[in-house]
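Have a look at the structure below, then the notes.
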Amino acid sequence: MDKKSMERHISHKFDEDLEQLKNMVLKMGGVVEQQIADAVKAVESADSELAEKVIRVEDEVDLKEVELDEACTSVLACRQPAASDLRMVLAITKMTRDLERMGDEAQKVAKMAIALQDSGSKGYEEARHIGALVQKMVNTVLDAFARFDVDQALEVARTDKEVDREYKSAMREIVTYMMEDPRAITRSMNILWTLRAIERIGDHARNIAEHVIFLVKGTDVRHTSLQEIERRIGKA
Amino acid sequence: MTNSNQTLSTAEKVNQSLQKRYRAEKRFRAYGISAIAFGLLCLVVLFTDIISKGHSAFLQTYIKLEITFDPVEMGLDDPTDARQLAMADFDSLIRNALKEQFPEASDRRDRRALYAVVSNGAAFKLREQLKADPELLNQTVPVWMLADDDIDTYVKNREDAQGETFAGRISEKQMGWVNTLIENDQVESRFNTTFFTSGDSREPEQAGILGALMGSLLTLLVTILLSFPIGVAAAVYLEEYAPQNKFTDFIEVNINNLAAVPSIIFGLLGLAIFIGFFEMQRSLPLVGGLVLTLMTLPTIIISSRAAIKAVPPSVRDAALGLGASKMQMVLHHVLPLAMPGMLTGAIIGFAQALGETAPLLMIGMVAFVVDVPGAITDPATALPVQIFLWSDSPERAFVERTSAAIMVLLAFLISMNTLAIWLRRRLERRW
Amino acid sequence: MQAVNTPIQENEKLNANTNEAERKPSGAEQMNDSAAKVGKTVGKPFAKHPKMTMRNVDVFYGDKQAIHDVSLDIGKNEVVAMIGPSGCGKSTFLRCLNRMNDTIEICKVSGEIKLEELDVYHPKQDVVPLRARVGIVFQKPNPFPKSIYDNVAYGPRIHGLVERKTDLDEIVENSLRRASLWEEVKDRLHAPGTGLSGGQQQRLCIARTIAVSPEVILMDEPCSALDPIATAKIEELITELSEKFTIAIVTHSMQQAARVSHRTAYFHMGKLVEVNDTKRVFTNPEHELTEAYITGRFG
């Protein structure tokens, strides 16, 4: 199962390059994770200061994405990685993209937090549950990547289902609010966008989980149901 | 750099040792140069010695006498009758001519000394002349005749030893007559064609190396015709076909050992087998060739094997990979590529065989053979044997002929080596 | 899962773990360990339309066994690449396919090798017709020291494939064309083949091989002595030739195997570890040894 730790490359530099790529991803993941946590907290408590910080950090994430892309390109060009190494680099390029999108979504959430505060309303407590779920997903998926752990990746995919359910029920709830009190429509719409963004973060986390599975197992599990994924990797 | 006072840097150490190294290098080169110089010196000494001794053999003294073909004196009336011609006494013609010119020689001893001025083979020349031109009968014509070897030696060395008169083995009277002849322009040095056109003789002035040369050529021919194909065939089999086992190892060891066996052993072997068992005649180039074949075979096999081994295996693979049979591979690729090497080795072997004396002594090619052999079944000697024989002769004129014969042998060897180089170049030029 | 830990901290912890685990396996002992891991060949060693079939092939050099129980098919018009570390037996195995190993006395082959219905190692099977059907190209370009024309014409001549000179000319031209060498040498057909550049020489050798119209072409590291441009030309050629011939190629360059072959066979210490579609081998090999070799973890 744990193929990656089997042996080292003959070229130590290659090992170092790959290790560095991995560390860069984890570092970027760490920043994004913090961004998400801050954004969710800002929405919960309508903390515009925290939200500003989230928006500031976004530049850093973008920069990291560019750096990672460059590093991946250079490994591809100079090392011509094959098999698991190739999958690793490919997965990392895709994961970088997903992480960057997560950052964008977090930024959106932060903007909503600012809007919430501007409209003078209190924070949106209901985002707490789904936010915690998504945060856990992100944390787990980064962990799964760090350990090349398929089981954890699968857990993330499973959690994504839960997030979807949460999102749907929250949406129904908000629609009810809006019907009850048309004055609350603006606020409700903002909350809806916030939830939507958080749910999108969950989707990206699921994508990353799929990349981790591809990286470890060599099977492409995108656009596949959870059962199908389990069946495929159980077999592989 | 902390303790730079005690320890020198690498560059400094290198510089220190550099002088020593240069000196050693120079010495080393000097050894090589002196070795070559020594070799060259020996060669120069050898060649000067041989050439200084032998060059005079290429000239021969002739004496002109007015010969009257007197039929009465000769005891012959029809010069076209071969039998009469054979019986005729041409010697008396020469004697008369000499008596006429030097009437002062009256007593028997003087007369004999006078007659000895001209070679005793001169009469044959007169016979040939008369046979060729019967019209000469009763006429008096000037004829150039071979001088005796002692006279020849005297004439050749007379000018060299200016101060003290060199007499050699001739008497004072003979010296006087010869001097008279010289003054009358009746003595001349000509190119010694006899040396190249006749066989051996007891008389140095009539002795030639053609017989020995032909004997050597015929022997060598037999050797080449037998040893090259046999040697190459054996080498090809051993290299390309023979399985690697104890038996082939045994054969290989034996071939290598045979190459180191002294040549006289091969002579003994030839004596026992060809003459003893097969009852062939002695002194035949055929037998000599067979013996030399036995002697050169190991050399040829070893050099041919080396040449075949040197053919890159990639060429073999290429041929086999295309589906060539082993024979096609050998004939189309291995042999043509190995040929220059094989030829070089073989020619070195032949040169060695050409200079070989010992085995030929054993099979009787040391006999005194006057006739020039025309076939491999005619008795013959060989060049080195001829040299050996002449070097043993007491006559002073044979000394220069020995050296001359050595020169001929060397020329033969050098031309063979040149041929080897030329052949190799030619064959190798096919890329 | 402690949510308090940032992934970075986690990562450092993991690295610490790996460092500890890394101490055990290294270098040669690892190779020996891995030999034990070779079991049955994994992947797809068999082809639907096999041109050559090898079953349970063992090869011995004296007492030493060089090939252990290898079964493999080479499909019609397929390019099969054989890769593996030095001394893994891939070249030995390739040379068994047209009995080039016959020249090595101590080499003994058992098992079954068939070219369609022809039993390659049947005691009565002559190697000459076999090698006319299974040609070989060697590692070092080895043109004969003859003219370009004679090089290509040699095979047809010895096999008596043509009767007239014009037919031979045609074969020579076609072979050189197919080896993409015609344009370069058409004006100097009678110049020595050894005067060409390394890459041209190798293409000449390929032309020489295809002049006999074999069914299978074996290539034993055909590009290892060539520069990248010449290599690229030969690779292009291999792809073109696969339309007409069946090709088995041994190569040290994994990238080359990846570029030219349909299936790749990985040999390890005389055993056939894995055969799979080349795409599969180079993205997601089945066997961990293949993975380790492909990714450059030993070799």
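Please note that chains go A, B, ... in the order of the structure tokens, that every chain numbers its residues from 1, and that ligands are numbered from 1 in the order shown.
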Per-residue DSSP, stretch 56-286 of chain C, filtered to helix (DSSP H, G or I), as a VMD selection string: chain C and resid 90 to 96 100 to 103 127 to 133 148 to 158 165 to 178 182 to 188 193 to 195 198 to 210 228 to 241 254 to 260 278 to 283
With a cut-off of 10 Å and counting only C-alpha atoms, select all residues of chain B in contact with chain C and give the selection as a PDB file with N, CA and C atoms, in the first residue's frame.
ATOM      1  N   GLU B 240      37.171 -21.125 -35.701  1.00  0.00           N
ATOM      2  CA  GLU B 240      35.743 -20.961 -35.968  1.00  0.00           C
ATOM      3  C   GLU B 240      34.917 -22.202 -35.673  1.00  0.00           C
ATOM      4  N   PRO B 243      35.389 -27.252 -31.187  1.00  0.00           N
ATOM      5  CA  PRO B 243      34.784 -27.068 -29.876  1.00  0.00           C
ATOM      6  C   PRO B 243      35.874 -26.819 -28.838  1.00  0.00           C
ATOM      7  N   GLN B 244      35.512 -26.099 -27.797  1.00  0.00           N
ATOM      8  CA  GLN B 244      36.492 -25.833 -26.754  1.00  0.00           C
ATOM      9  C   GLN B 244      36.548 -27.027 -25.810  1.00  0.00           C
ATOM     10  N   PRO B 312      36.597  -8.225 -35.894  1.00  0.00           N
ATOM     11  CA  PRO B 312      35.638  -7.876 -34.844  1.00  0.00           C
ATOM     12  C   PRO B 312      34.448  -8.833 -34.826  1.00  0.00           C
ATOM     13  N   PRO B 313      34.042  -9.275 -33.630  1.00  0.00           N
ATOM     14  CA  PRO B 313      32.924 -10.200 -33.542  1.00  0.00           C
ATOM     15  C   PRO B 313      31.648  -9.591 -34.096  1.00  0.00           C
ATOM     16  N   SER B 314      31.591  -8.259 -34.123  1.00  0.00           N
ATOM     17  CA  SER B 314      30.362  -7.637 -34.618  1.00  0.00           C
ATOM     18  C   SER B 314      30.112  -7.999 -36.076  1.00  0.00           C
ATOM     19  N   VAL B 315      31.201  -8.179 -36.833  1.00  0.00           N
ATOM     20  CA  VAL B 315      31.038  -8.540 -38.245  1.00  0.00           C
ATOM     21  C   VAL B 315      30.478  -9.956 -38.355  1.00  0.00           C
ATOM     22  N   ARG B 316      30.992 -10.846 -37.504  1.00  0.00           N
ATOM     23  CA  ARG B 316      30.463 -12.212 -37.495  1.00  0.00           C
ATOM     24  C   ARG B 316      28.985 -12.191 -37.153  1.00  0.00           C
ATOM     25  N   ASP B 317      28.649 -11.441 -36.081  1.00  0.00           N
ATOM     26  CA  ASP B 317      27.251 -11.360 -35.653  1.00  0.00           C
ATOM     27  C   ASP B 317      26.382 -10.856 -36.794  1.00  0.00           C
ATOM     28  N   ALA B 318      26.890  -9.822 -37.480  1.00  0.00           N
ATOM     29  CA  ALA B 318      26.109  -9.231 -38.564  1.00  0.00           C
ATOM     30  C   ALA B 318      25.816 -10.274 -39.635  1.00  0.00           C
ATOM     31  N   ALA B 319      26.843 -11.033 -40.012  1.00  0.00           N
ATOM     32  CA  ALA B 319      26.654 -12.027 -41.061  1.00  0.00           C
ATOM     33  C   ALA B 319      25.709 -13.125 -40.586  1.00  0.00           C
ATOM     34  N   LEU B 320      25.951 -13.640 -39.378  1.00  0.00           N
ATOM     35  CA  LEU B 320      25.099 -14.714 -38.865  1.00  0.00           C
ATOM     36  C   LEU B 320      23.665 -14.225 -38.692  1.00  0.00           C
ATOM     37  N   GLY B 321      23.548 -12.973 -38.211  1.00  0.00           N
ATOM     38  CA  GLY B 321      22.221 -12.423 -37.979  1.00  0.00           C
ATOM     39  C   GLY B 321      21.409 -12.289 -39.252  1.00  0.00           C
ATOM     40  N   LEU B 322      22.092 -12.150 -40.373  1.00  0.00           N
ATOM     41  CA  LEU B 322      21.390 -12.063 -41.654  1.00  0.00           C
ATOM     42  C   LEU B 322      21.048 -13.439 -42.182  1.00  0.00           C
ATOM     43  N   GLY B 323      21.522 -14.474 -41.494  1.00  0.00           N
ATOM     44  CA  GLY B 323      21.222 -15.822 -41.933  1.00  0.00           C
ATOM     45  C   GLY B 323      22.311 -16.433 -42.787  1.00  0.00           C
ATOM     46  N   ALA B 324      23.520 -15.876 -42.716  1.00  0.00           N
ATOM     47  CA  ALA B 324      24.626 -16.502 -43.444  1.00  0.00           C
ATOM     48  C   ALA B 324      25.025 -17.775 -42.714  1.00  0.00           C
ATOM     49  N   SER B 325      25.419 -18.786 -43.466  1.00  0.00           N
ATOM     50  CA  SER B 325      25.913 -19.991 -42.814  1.00  0.00           C
ATOM     51  C   SER B 325      27.322 -19.694 -42.323  1.00  0.00           C
ATOM     52  N   LYS B 326      27.822 -20.610 -41.523  1.00  0.00           N
ATOM     53  CA  LYS B 326      29.132 -20.373 -40.938  1.00  0.00           C
ATOM     54  C   LYS B 326      30.200 -20.265 -42.029  1.00  0.00           C
ATOM     55  N   GLN B 328      29.770 -19.285 -45.114  1.00  0.00           N
ATOM     56  CA  GLN B 328      29.623 -17.994 -45.798  1.00  0.00           C
ATOM     57  C   GLN B 328      30.217 -16.878 -44.959  1.00  0.00           C
ATOM     58  N   HIS B 332      33.130 -14.996 -46.710  1.00  0.00           N
ATOM     59  CA  HIS B 332      32.784 -13.651 -47.178  1.00  0.00           C
ATOM     60  C   HIS B 332      33.345 -12.553 -46.294  1.00  0.00           C
ATOM     61  N   HIS B 333      33.478 -12.837 -45.017  1.00  0.00           N
ATOM     62  CA  HIS B 333      33.812 -11.728 -44.107  1.00  0.00           C
ATOM     63  C   HIS B 333      35.083 -11.945 -43.319  1.00  0.00           C
ATOM     64  N   PRO B 336      38.504 -12.401 -45.735  1.00  0.00           N
ATOM     65  CA  PRO B 336      38.979 -11.162 -46.359  1.00  0.00           C
ATOM     66  C   PRO B 336      39.525 -10.161 -45.350  1.00  0.00           C
ATOM     67  N   LEU B 337      38.881 -10.088 -44.189  1.00  0.00           N
ATOM     68  CA  LEU B 337      39.354  -9.122 -43.195  1.00  0.00           C
ATOM     69  C   LEU B 337      40.640  -9.591 -42.531  1.00  0.00           C
ATOM     70  N   ARG B 430      40.984  -1.786 -49.026  1.00  0.00           N
ATOM     71  CA  ARG B 430      39.570  -2.016 -49.332  1.00  0.00           C
ATOM     72  C   ARG B 430      38.699  -1.640 -48.132  1.00  0.00           C
ATOM     73  N   TRP B 431      39.071  -0.584 -47.460  1.00  0.00           N
ATOM     74  CA  TRP B 431      38.445  -0.083 -46.229  1.00  0.00           C
ATOM     75  C   TRP B 431      38.372  -1.171 -45.267  1.00  0.00           C
TER      76      TRP B 431
END
What are the closest atom pairs, with distances in Å to one decimal, for each residue of chain A lying within 8 Å of chain C, using only C-alpha atoms, rows by chain and rising residue number, as a tab-separated table?
residue	atom	partner	partner_atom	distance
A:Lys3	CA	C:Glu288	CA	7.5
A:Ser5	CA	C:Thr18	CA	7.2
A:Glu7	CA	C:Arg297	CA	6.2
A:Arg8	CA	C:Arg297	CA	5.5
A:His9	CA	C:Arg297	CA	3.9
A:Ile10	CA	C:Arg297	CA	5.2
A:Ser11	CA	C:Gly296	CA	7.7
A:Asn23	CA	C:Asn11	CA	7.6
A:Leu26	CA	C:Ile8	CA	6.0
A:Lys27	CA	C:Ile8	CA	6.0
A:Gly29	CA	C:Pro7	CA	7.4
A:Gly30	CA	C:Pro7	CA	5.8
A:Pro81	CA	C:Thr295	CA	6.5
A:Ala82	CA	C:Thr295	CA	5.4
A:Ala83	CA	C:Thr283	CA	3.9
A:Ser84	CA	C:Asn284	CA	6.6
A:Asp85	CA	C:Thr295	CA	6.5
A:Leu86	CA	C:Thr283	CA	6.8
A:Arg87	CA	C:Thr283	CA	6.9
A:Lys136	CA	C:Ala3	CA	7.2
A:Asn139	CA	C:Ala3	CA	7.0
A:Thr140	CA	C:Met1	CA	7.9
A:Leu142	CA	C:Pro7	CA	6.4
A:Asp143	CA	C:Pro7	CA	6.3
A:Ala146	CA	C:Asn11	CA	6.0
A:Arg147	CA	C:Leu14	CA	7.2
A:Lys217	CA	C:Asn284	CA	7.9
A:Gly218	CA	C:Asn284	CA	5.3
Go ahead and write the selection's residues with N, CA and C atoms as an mmCIF file, in the first residue's frame.
data_model
loop_
_atom_site.group_PDB
_atom_site.id
_atom_site.type_symbol
_atom_site.label_atom_id
_atom_site.label_comp_id
_atom_site.auth_asym_id
_atom_site.auth_seq_id
_atom_site.Cartn_x
_atom_site.Cartn_y
_atom_site.Cartn_z
ATOM 1 N N LYS A 3 3.497 2.599 -1.167
ATOM 2 C CA LYS A 3 4.547 2.455 -2.170
ATOM 3 C C LYS A 3 5.627 3.521 -2.053
ATOM 4 N N SER A 5 7.155 5.029 0.218
ATOM 5 C CA SER A 5 8.273 4.961 1.145
ATOM 6 C C SER A 5 9.160 3.751 0.850
ATOM 7 N N GLU A 7 11.471 2.851 -1.551
ATOM 8 C CA GLU A 7 12.893 3.055 -1.767
ATOM 9 C C GLU A 7 13.133 4.489 -2.149
ATOM 10 N N ARG A 8 14.394 4.844 -2.123
ATOM 11 C CA ARG A 8 14.740 6.207 -2.532
ATOM 12 C C ARG A 8 15.216 6.176 -3.975
ATOM 13 N N HIS A 9 15.200 7.348 -4.593
ATOM 14 C CA HIS A 9 15.741 7.435 -5.950
ATOM 15 C C HIS A 9 17.254 7.333 -5.911
ATOM 16 N N ILE A 10 17.819 6.913 -7.044
ATOM 17 C CA ILE A 10 19.277 6.907 -7.148
ATOM 18 C C ILE A 10 19.772 8.347 -7.055
ATOM 19 N N SER A 11 19.015 9.216 -7.712
ATOM 20 C CA SER A 11 19.373 10.634 -7.668
ATOM 21 C C SER A 11 18.772 11.258 -6.417
ATOM 22 N N ASN A 23 6.308 19.622 0.122
ATOM 23 C CA ASN A 23 6.302 20.592 1.211
ATOM 24 C C ASN A 23 5.640 21.901 0.794
ATOM 25 N N LEU A 26 1.994 21.397 0.892
ATOM 26 C CA LEU A 26 1.479 21.370 2.259
ATOM 27 C C LEU A 26 1.490 22.769 2.874
ATOM 28 N N LYS A 27 2.519 23.525 2.530
ATOM 29 C CA LYS A 27 2.586 24.889 3.049
ATOM 30 C C LYS A 27 1.435 25.720 2.503
ATOM 31 N N GLY A 29 -1.301 24.545 1.369
ATOM 32 C CA GLY A 29 -2.505 23.984 1.986
ATOM 33 C C GLY A 29 -2.706 24.585 3.366
ATOM 34 N N GLY A 30 -1.616 24.728 4.105
ATOM 35 C CA GLY A 30 -1.710 25.285 5.452
ATOM 36 C C GLY A 30 -2.264 26.700 5.420
ATOM 37 N N PRO A 81 9.754 12.519 -14.936
ATOM 38 C CA PRO A 81 9.296 11.507 -13.989
ATOM 39 C C PRO A 81 8.366 10.505 -14.664
ATOM 40 N N ALA A 82 8.383 9.289 -14.149
ATOM 41 C CA ALA A 82 7.511 8.254 -14.687
ATOM 42 C C ALA A 82 6.742 7.635 -13.536
ATOM 43 N N ALA A 83 5.690 6.909 -13.906
ATOM 44 C CA ALA A 83 4.893 6.145 -12.954
ATOM 45 C C ALA A 83 4.500 6.997 -11.742
ATOM 46 N N SER A 84 4.783 6.545 -10.534
ATOM 47 C CA SER A 84 4.282 7.236 -9.343
ATOM 48 C C SER A 84 4.816 8.661 -9.261
ATOM 49 N N ASP A 85 6.064 8.864 -9.701
ATOM 50 C CA ASP A 85 6.617 10.214 -9.673
ATOM 51 C C ASP A 85 5.834 11.121 -10.606
ATOM 52 N N LEU A 86 5.514 10.563 -11.791
ATOM 53 C CA LEU A 86 4.746 11.336 -12.758
ATOM 54 C C LEU A 86 3.372 11.669 -12.174
ATOM 55 N N ARG A 87 2.758 10.658 -11.571
ATOM 56 C CA ARG A 87 1.422 10.888 -10.993
ATOM 57 C C ARG A 87 1.497 11.923 -9.882
ATOM 58 N N LYS A 136 -12.667 20.410 8.482
ATOM 59 C CA LYS A 136 -12.164 19.083 8.802
ATOM 60 C C LYS A 136 -11.757 18.353 7.511
ATOM 61 N N ASN A 139 -8.454 19.727 6.292
ATOM 62 C CA ASN A 139 -7.399 19.231 7.163
ATOM 63 C C ASN A 139 -7.093 17.754 6.845
ATOM 64 N N THR A 140 -8.145 16.960 6.727
ATOM 65 C CA THR A 140 -7.957 15.533 6.487
ATOM 66 C C THR A 140 -7.313 15.276 5.131
ATOM 67 N N LEU A 142 -5.399 17.186 3.399
ATOM 68 C CA LEU A 142 -3.972 17.533 3.383
ATOM 69 C C LEU A 142 -3.162 16.452 4.121
ATOM 70 N N ASP A 143 -3.752 15.963 5.168
ATOM 71 C CA ASP A 143 -3.135 14.882 5.919
ATOM 72 C C ASP A 143 -3.002 13.630 5.040
ATOM 73 N N ALA A 146 -0.224 14.163 2.733
ATOM 74 C CA ALA A 146 1.078 14.074 3.390
ATOM 75 C C ALA A 146 1.453 12.614 3.651
ATOM 76 N N ARG A 147 0.474 11.802 3.977
ATOM 77 C CA ARG A 147 0.764 10.398 4.300
ATOM 78 C C ARG A 147 0.496 9.462 3.131
ATOM 79 N N LYS A 217 -2.953 5.274 -6.065
ATOM 80 C CA LYS A 217 -3.416 4.036 -6.689
ATOM 81 C C LYS A 217 -3.255 4.008 -8.203
ATOM 82 N N GLY A 218 -3.060 5.150 -8.784
ATOM 83 C CA GLY A 218 -2.934 5.188 -10.232
ATOM 84 C C GLY A 218 -4.257 5.083 -10.956
#
7 Å contact set for A:Ala197, only C-alpha atoms, chain neighbours under 6 positions out, as a ChimeraX atom specification: /A:105,108-109
Take the residues from that selection and put them in a file with C-alpha atoms, as a PDB file, in the first residue's frame.
ATOM      1  CA  GLU A 105     -13.939  30.774  -2.267  1.00  0.00           C
ATOM      2  CA  LYS A 108     -15.756  35.261  -1.286  1.00  0.00           C
ATOM      3  CA  VAL A 109     -16.817  34.128   2.183  1.00  0.00           C
TER       4      VAL A 109
END
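Here atom CA of B:Asp185 stands at a distance of 12.2 Å from atom CA of B:Pro142.
Atom pair atom CA of C:Pro228 / atom CA of C:Gln256: separated by 10.7 Å.
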Write out as a CSV table (one decimal) with C-alpha atoms, in the first residue's frame which residues come within 7 Å of stretch 39-54 of chain B when counting only C-alpha atoms, dropping same-chain ones fewer than 4 positions away.
chain,number,residue,atom,x,y,z
B,35,ALA,CA,69.2,1.0,-28.2
B,400,GLU,CA,83.9,-12.1,-52.3
B,401,ARG,CA,81.3,-14.5,-53.8
B,403,SER,CA,79.5,-11.9,-49.6
B,404,ALA,CA,77.9,-11.4,-53.0
Near stretch 345-349 of chain B, within 10 Å and counting only C-alpha atoms, which residues show up once chain neighbours fewer than 2 positions away are dropped, as a short mmCIF file (atom, residue, chain, number, x, y, z; two decimals) with N, CA and C atoms, in the first residue's frame?
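Writing done, so here's out28.cif:
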data_model
loop_
_atom_site.label_atom_id
_atom_site.label_comp_id
_atom_site.auth_asym_id
_atom_site.auth_seq_id
_atom_site.Cartn_x
_atom_site.Cartn_y
_atom_site.Cartn_z
N THR B 223 56.95 -24.82 -50.36
CA THR B 223 56.57 -24.41 -49.00
C THR B 223 55.31 -23.54 -49.02
N ILE B 224 55.31 -22.55 -49.93
CA ILE B 224 54.16 -21.64 -49.98
C ILE B 224 52.89 -22.39 -50.35
N SER B 227 52.17 -24.86 -47.21
CA SER B 227 51.95 -24.41 -45.84
C SER B 227 50.86 -23.35 -45.73
N PHE B 228 50.69 -22.49 -46.74
CA PHE B 228 49.69 -21.43 -46.58
C PHE B 228 48.28 -21.99 -46.53
N GLY B 231 47.96 -24.14 -43.40
CA GLY B 231 47.98 -23.32 -42.19
C GLY B 231 46.69 -22.56 -42.02
N VAL B 232 46.19 -21.93 -43.10
CA VAL B 232 44.97 -21.14 -43.00
C VAL B 232 43.78 -22.04 -42.68
N LEU B 292 60.45 -27.62 -44.89
CA LEU B 292 60.23 -26.21 -44.50
C LEU B 292 58.74 -25.95 -44.25
N THR B 293 57.86 -26.68 -44.96
CA THR B 293 56.43 -26.57 -44.68
C THR B 293 56.16 -26.95 -43.23
N MET B 295 58.14 -26.83 -40.89
CA MET B 295 58.74 -25.86 -39.99
C MET B 295 57.92 -24.57 -39.90
N THR B 296 57.37 -24.11 -41.05
CA THR B 296 56.65 -22.83 -41.05
C THR B 296 55.20 -22.97 -40.60
N LEU B 297 54.64 -24.18 -40.70
CA LEU B 297 53.22 -24.34 -40.37
C LEU B 297 52.84 -23.74 -39.02
N PRO B 298 53.55 -24.07 -37.95
CA PRO B 298 53.14 -23.49 -36.66
C PRO B 298 53.10 -21.97 -36.69
N THR B 299 54.11 -21.36 -37.29
CA THR B 299 54.14 -19.89 -37.37
C THR B 299 52.90 -19.38 -38.10
N ILE B 300 52.62 -20.02 -39.25
CA ILE B 300 51.48 -19.55 -40.05
C ILE B 300 50.18 -19.76 -39.30
N ILE B 301 50.04 -20.93 -38.66
CA ILE B 301 48.80 -21.19 -37.94
C ILE B 301 48.62 -20.17 -36.81
N ILE B 302 49.68 -19.92 -36.08
CA ILE B 302 49.56 -18.99 -34.96
C ILE B 302 49.22 -17.58 -35.45
N SER B 303 49.94 -17.14 -36.50
CA SER B 303 49.67 -15.77 -36.96
C SER B 303 48.29 -15.68 -37.61
N SER B 304 47.87 -16.73 -38.31
CA SER B 304 46.55 -16.71 -38.93
C SER B 304 45.45 -16.69 -37.87
N ALA B 306 45.73 -15.49 -34.93
CA ALA B 306 45.69 -14.14 -34.35
C ALA B 306 44.93 -13.20 -35.26
N ALA B 307 45.17 -13.33 -36.57
CA ALA B 307 44.50 -12.44 -37.52
C ALA B 307 43.00 -12.69 -37.52
N MET B 339 42.85 -11.48 -44.01
CA MET B 339 43.88 -11.79 -45.00
C MET B 339 45.17 -10.96 -44.84
N PRO B 340 45.09 -9.66 -44.67
CA PRO B 340 46.35 -8.91 -44.53
C PRO B 340 47.21 -9.45 -43.39
N GLY B 341 46.57 -9.69 -42.26
CA GLY B 341 47.30 -10.20 -41.11
C GLY B 341 47.88 -11.57 -41.38
N MET B 342 47.07 -12.42 -42.02
CA MET B 342 47.54 -13.77 -42.29
C MET B 342 48.71 -13.74 -43.26
N LEU B 343 48.59 -12.88 -44.28
CA LEU B 343 49.68 -12.78 -45.27
C LEU B 343 50.97 -12.29 -44.62
N ALA B 351 59.99 -16.00 -45.12
CA ALA B 351 61.31 -15.38 -45.08
C ALA B 351 62.22 -16.17 -44.17
N GLN B 352 61.63 -16.60 -43.07
CA GLN B 352 62.39 -17.43 -42.14
C GLN B 352 62.81 -18.72 -42.83
N ALA B 353 61.88 -19.32 -43.56
CA ALA B 353 62.18 -20.57 -44.26
C ALA B 353 63.26 -20.36 -45.31
N LEU B 354 63.21 -19.20 -45.97
CA LEU B 354 64.18 -18.91 -47.02
C LEU B 354 65.59 -18.87 -46.45
N LEU B 413 65.21 -11.39 -49.50
CA LEU B 413 64.41 -11.24 -48.28
C LEU B 413 63.72 -9.88 -48.22
N MET B 416 60.89 -9.77 -50.50
CA MET B 416 59.73 -10.50 -49.97
C MET B 416 59.00 -9.69 -48.92
N ASN B 417 59.77 -9.03 -48.05
CA ASN B 417 59.12 -8.20 -47.04
C ASN B 417 58.38 -7.03 -47.67
N THR B 418 58.99 -6.46 -48.70
CA THR B 418 58.32 -5.38 -49.41
C THR B 418 57.00 -5.86 -49.99
N LEU B 419 57.06 -7.06 -50.55
CA LEU B 419 55.85 -7.65 -51.11
C LEU B 419 54.79 -7.80 -50.02
N ALA B 420 55.25 -8.24 -48.84
CA ALA B 420 54.32 -8.42 -47.73
C ALA B 420 53.65 -7.10 -47.38
N ILE B 421 54.47 -6.06 -47.30
CA ILE B 421 53.92 -4.74 -46.93
C ILE B 421 52.97 -4.25 -48.00
#
Going by DSSP on the backbone, which residues of stretch 126-279 of chain B come out as strand (DSSP E)? List them as a ChimeraX atom specification. /B:140-146,187-191
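Across the structure, atom CA of B:Leu268 and atom CA of B:Ala235 are spaced 25.8 Å apart.
The list of residues with at least one atom within 10 Å of C:Arg259, based on only C-alpha atoms and without residues fewer than 5 positions apart in the same chain, reads C:Ala81, C:Ala232, C:Glu235, C:Glu236, C:Thr239, C:Ser253, C:Met254, C:Thr278, C:Lys279.
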Residues near C:Ile238, anyone? I mean within 10 Å using only C-alpha atoms, not counting same-chain ones fewer than 5 positions away, as a PyMOL selection string. chain C and resi 79+179+206+217+219+232-233+243+245-247+249+260-261
